[in-house]
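Here the structure is laid out as structure tokens; the discussion comes afterwards.
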Amino acid sequence: MKRILIVDDAAFMRVSIRNIVVKHGFEVAGEAANGSVAVQKFAELKPDIVTMDITMPEMNGLDALKEIRKQFPAANVVMVSALGQEAMVRDAVLAGAKGFVVKPFKEETIMAAITKLL
């Protein structure tokens with residue numbers, strides 16, 4: 001069973017993503033409300049996939065993505081953000097994101113981004 005780390009500062013968004021991925025047979029390895037906790041949890045839990053918000057307190061998702069990829073180059077991270085601007089998408093991809101989902105998203109959209117990594 002593939003394990004997912006869900007990173008978002010909004011609790012309702014973490015619950016929403018959790019419900020979708022569990023329904024599709026994934027295990028939620030853990031959750032984080034900011035990028036610095038995400039980096040710690042990734043090292044501790046070694047999930048197969050991370051869903052990562054961009055705008056968060058303490059450490060944003062782009063910085064967390066860069067730190068995770070520096071420590072774990074093979075990490076599979078899908079950015080999930082309301083910031084759908086081209087520059088943000090480009091920065092995330094250049095930093096190593098394997099996908100980008102714009103909020104609000106449909107269940108099929110987030111599952112397509114996740115299953116593409118398997």
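For the structure tokens, the naming scheme is as follows: chains receive sequential letters (A, B, ...) according to their order of presentation, residues are indexed from 1 within each chain, and ligands are indexed from 1 in presentation order.
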TODO: Extract, using only C-alpha atoms, all DNA, RNA and protein residues at most 10 Å from segment 68-83 of chain A, discarding same-chain residues fewer than 4 positions from it, and format them as a ChimeraX atom specification.
DONE: /A:4-8,13,17,35-36,38-40,42-43,46-55,61-64,87-89,92-93,95-105,110,113-114,117-118
Could you turn the residues from that selection into a file that holds N, CA and C atoms, as a tab-separated table (two decimals), in the first residue's frame?
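Produced file selection17.tsv, reproduced below:
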```
chain	number	residue	atom	x	y	z
A	4	ILE	N	1.17	8.21	1.89
A	4	ILE	CA	1.17	9.62	1.50
A	4	ILE	C	1.32	10.51	2.73
A	5	LEU	N	2.14	11.56	2.57
A	5	LEU	CA	2.26	12.62	3.57
A	5	LEU	C	1.50	13.82	3.03
A	6	ILE	N	0.55	14.33	3.82
A	6	ILE	CA	-0.29	15.45	3.40
A	6	ILE	C	0.18	16.71	4.13
A	7	VAL	N	0.55	17.73	3.35
A	7	VAL	CA	1.08	18.97	3.93
A	7	VAL	C	0.22	20.15	3.48
A	8	ASP	N	-0.46	20.78	4.45
A	8	ASP	CA	-1.28	21.96	4.17
A	8	ASP	C	-1.56	22.64	5.50
A	13	MET	N	-8.43	21.19	4.42
A	13	MET	CA	-7.81	20.72	3.18
A	13	MET	C	-7.10	19.38	3.42
A	17	ILE	N	-8.12	15.96	1.43
A	17	ILE	CA	-7.17	15.12	0.69
A	17	ILE	C	-7.10	13.73	1.32
A	35	GLY	N	5.87	23.78	6.28
A	35	GLY	CA	6.98	23.16	5.56
A	35	GLY	C	8.07	22.58	6.45
A	36	SER	N	8.37	23.24	7.57
A	36	SER	CA	9.45	22.72	8.42
A	36	SER	C	9.05	21.38	9.04
A	38	ALA	N	6.94	19.36	7.65
A	38	ALA	CA	6.92	18.44	6.51
A	38	ALA	C	8.29	17.82	6.27
A	39	VAL	N	9.34	18.64	6.34
A	39	VAL	CA	10.70	18.14	6.12
A	39	VAL	C	11.05	17.10	7.19
A	40	GLN	N	10.73	17.39	8.44
A	40	GLN	CA	10.99	16.45	9.54
A	40	GLN	C	10.21	15.16	9.35
A	42	PHE	N	8.94	13.92	6.60
A	42	PHE	CA	9.39	13.15	5.43
A	42	PHE	C	10.57	12.28	5.83
A	43	ALA	N	11.55	12.86	6.53
A	43	ALA	CA	12.74	12.12	6.94
A	43	ALA	C	12.37	10.96	7.87
A	46	LYS	N	9.36	8.59	5.57
A	46	LYS	CA	9.72	8.14	4.22
A	46	LYS	C	8.49	7.72	3.39
A	47	PRO	N	7.55	8.66	3.19
A	47	PRO	CA	6.35	8.33	2.41
A	47	PRO	C	6.68	8.16	0.93
A	48	ASP	N	5.77	7.49	0.22
A	48	ASP	CA	5.95	7.29	-1.23
A	48	ASP	C	5.65	8.58	-1.99
A	49	ILE	N	4.69	9.35	-1.48
A	49	ILE	CA	4.23	10.57	-2.17
A	49	ILE	C	3.91	11.64	-1.12
A	50	VAL	N	4.15	12.90	-1.48
A	50	VAL	CA	3.79	14.04	-0.63
A	50	VAL	C	2.87	14.96	-1.43
A	51	THR	N	1.77	15.40	-0.81
A	51	THR	CA	0.99	16.50	-1.38
A	51	THR	C	1.38	17.72	-0.57
A	52	MET	N	1.80	18.79	-1.26
A	52	MET	CA	2.40	19.95	-0.59
A	52	MET	C	1.73	21.26	-1.01
A	53	ASP	N	1.18	21.96	-0.02
A	53	ASP	CA	0.65	23.31	-0.25
A	53	ASP	C	1.85	24.23	-0.43
A	54	ILE	N	1.64	25.40	-1.03
A	54	ILE	CA	2.75	26.35	-1.18
A	54	ILE	C	2.73	27.41	-0.09
A	55	THR	N	1.60	28.05	0.11
A	55	THR	CA	1.54	29.15	1.06
A	55	THR	C	1.24	28.62	2.46
A	61	GLY	N	5.86	25.91	1.03
A	61	GLY	CA	5.97	24.63	0.35
A	61	GLY	C	7.11	24.53	-0.64
A	62	LEU	N	7.45	25.63	-1.31
A	62	LEU	CA	8.58	25.60	-2.25
A	62	LEU	C	9.90	25.35	-1.52
A	63	ASP	N	10.09	26.03	-0.39
A	63	ASP	CA	11.31	25.82	0.38
A	63	ASP	C	11.36	24.41	0.96
A	64	ALA	N	10.21	23.91	1.42
A	64	ALA	CA	10.14	22.54	1.95
A	64	ALA	C	10.45	21.53	0.85
A	87	ALA	N	4.44	31.30	-13.01
A	87	ALA	CA	5.76	31.42	-12.38
A	87	ALA	C	5.88	30.45	-11.20
A	88	MET	N	4.81	30.32	-10.42
A	88	MET	CA	4.83	29.43	-9.26
A	88	MET	C	4.92	27.96	-9.71
A	89	VAL	N	4.17	27.62	-10.75
A	89	VAL	CA	4.21	26.26	-11.30
A	89	VAL	C	5.62	25.97	-11.81
A	92	ALA	N	8.07	25.48	-8.95
A	92	ALA	CA	7.86	24.18	-8.30
A	92	ALA	C	8.44	23.05	-9.13
A	93	VAL	N	8.22	23.09	-10.43
A	93	VAL	CA	8.75	22.03	-11.32
A	93	VAL	C	10.28	22.08	-11.35
A	95	ALA	N	12.15	23.07	-9.03
A	95	ALA	CA	12.62	22.63	-7.72
A	95	ALA	C	12.43	21.13	-7.53
A	96	GLY	N	11.77	20.47	-8.48
A	96	GLY	CA	11.64	19.02	-8.42
A	96	GLY	C	10.25	18.47	-8.19
A	97	ALA	N	9.23	19.33	-8.20
A	97	ALA	CA	7.86	18.82	-8.05
A	97	ALA	C	7.52	17.93	-9.24
A	98	LYS	N	6.83	16.84	-8.96
A	98	LYS	CA	6.49	15.89	-10.02
A	98	LYS	C	5.07	16.13	-10.55
A	99	GLY	N	4.38	17.12	-9.95
A	99	GLY	CA	3.04	17.43	-10.40
A	99	GLY	C	2.56	18.70	-9.73
A	100	PHE	N	1.48	19.26	-10.25
A	100	PHE	CA	0.93	20.49	-9.70
A	100	PHE	C	-0.59	20.45	-9.85
A	101	VAL	N	-1.30	20.59	-8.74
A	101	VAL	CA	-2.76	20.60	-8.75
A	101	VAL	C	-3.22	21.93	-8.19
A	102	VAL	N	-4.13	22.60	-8.91
A	102	VAL	CA	-4.63	23.90	-8.47
A	102	VAL	C	-5.92	23.73	-7.66
A	103	LYS	N	-5.97	24.40	-6.49
A	103	LYS	CA	-7.18	24.41	-5.67
A	103	LYS	C	-8.15	25.44	-6.24
A	104	PRO	N	-9.45	25.25	-6.13
A	104	PRO	CA	-10.09	24.02	-5.67
A	104	PRO	C	-9.96	22.94	-6.74
A	105	PHE	N	-9.80	21.70	-6.30
A	105	PHE	CA	-9.59	20.60	-7.24
A	105	PHE	C	-10.73	19.59	-7.16
A	110	ILE	N	-6.77	15.34	-8.45
A	110	ILE	CA	-5.70	15.04	-7.49
A	110	ILE	C	-5.28	13.58	-7.59
A	113	ALA	N	-2.91	13.11	-10.56
A	113	ALA	CA	-1.56	13.60	-10.28
A	113	ALA	C	-0.80	12.60	-9.39
A	114	ILE	N	-1.51	11.98	-8.44
A	114	ILE	CA	-0.88	11.02	-7.53
A	114	ILE	C	-0.57	9.70	-8.25
A	117	LEU	N	2.48	9.13	-10.50
A	117	LEU	CA	3.79	8.91	-9.89
A	117	LEU	C	4.07	7.46	-9.54
A	118	LEU	N	3.09	6.60	-9.68
A	118	LEU	CA	3.28	5.20	-9.26
A	118	LEU	C	3.84	4.34	-10.38
```
- [ ] Between A:Arg90, A:Leu45, A:Lys2, A:Ala10, single out the one closest to His24 of chain A, counting only C-alpha atoms.
- [x]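 The answer is A:Lys2, which sits nearest to His24 of chain A.
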- [ ] Any chance you could list, as a list in words, the residues in segment 20-114 of chain A that come up strand (DSSP E or B) when DSSP is run on the backbone?
- [x]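 In segment 20-114 of chain A, DSSP puts these residues in strand (DSSP E or B): Glu27, Val28, Ala29, Gly30, Glu31, Ala32, Ile49, Val50, Thr51, Met52, Val77, Val78, Met79, Val80, Ser81, Gly99, Phe100, Val101 and Val102 of chain A.
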Selected residues, C-alpha atoms, written as a short mmCIF file (atom, residue, chain, number, x, y, z; two decimals), in the first residue's frame, please.
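Here's the written file again.cif:
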```
data_model
loop_
_atom_site.label_atom_id
_atom_site.label_comp_id
_atom_site.auth_asym_id
_atom_site.auth_seq_id
_atom_site.Cartn_x
_atom_site.Cartn_y
_atom_site.Cartn_z
CA GLU A 27 -2.44 4.95 3.50
CA VAL A 28 -1.91 8.39 5.06
CA ALA A 29 1.56 8.14 6.62
CA GLY A 30 1.20 11.53 8.30
CA GLU A 31 0.22 15.17 8.07
CA ALA A 32 1.98 18.50 8.52
CA ILE A 49 4.23 10.57 -2.17
CA VAL A 50 3.79 14.04 -0.63
CA THR A 51 0.99 16.50 -1.38
CA MET A 52 2.40 19.95 -0.59
CA VAL A 77 6.06 15.64 -4.38
CA VAL A 78 2.82 16.98 -5.89
CA MET A 79 2.21 20.66 -5.22
CA VAL A 80 -1.41 21.48 -4.32
CA SER A 81 -2.05 25.20 -4.22
CA GLY A 99 3.04 17.43 -10.40
CA PHE A 100 0.93 20.49 -9.70
CA VAL A 101 -2.76 20.60 -8.75
CA VAL A 102 -4.63 23.90 -8.47
#
```
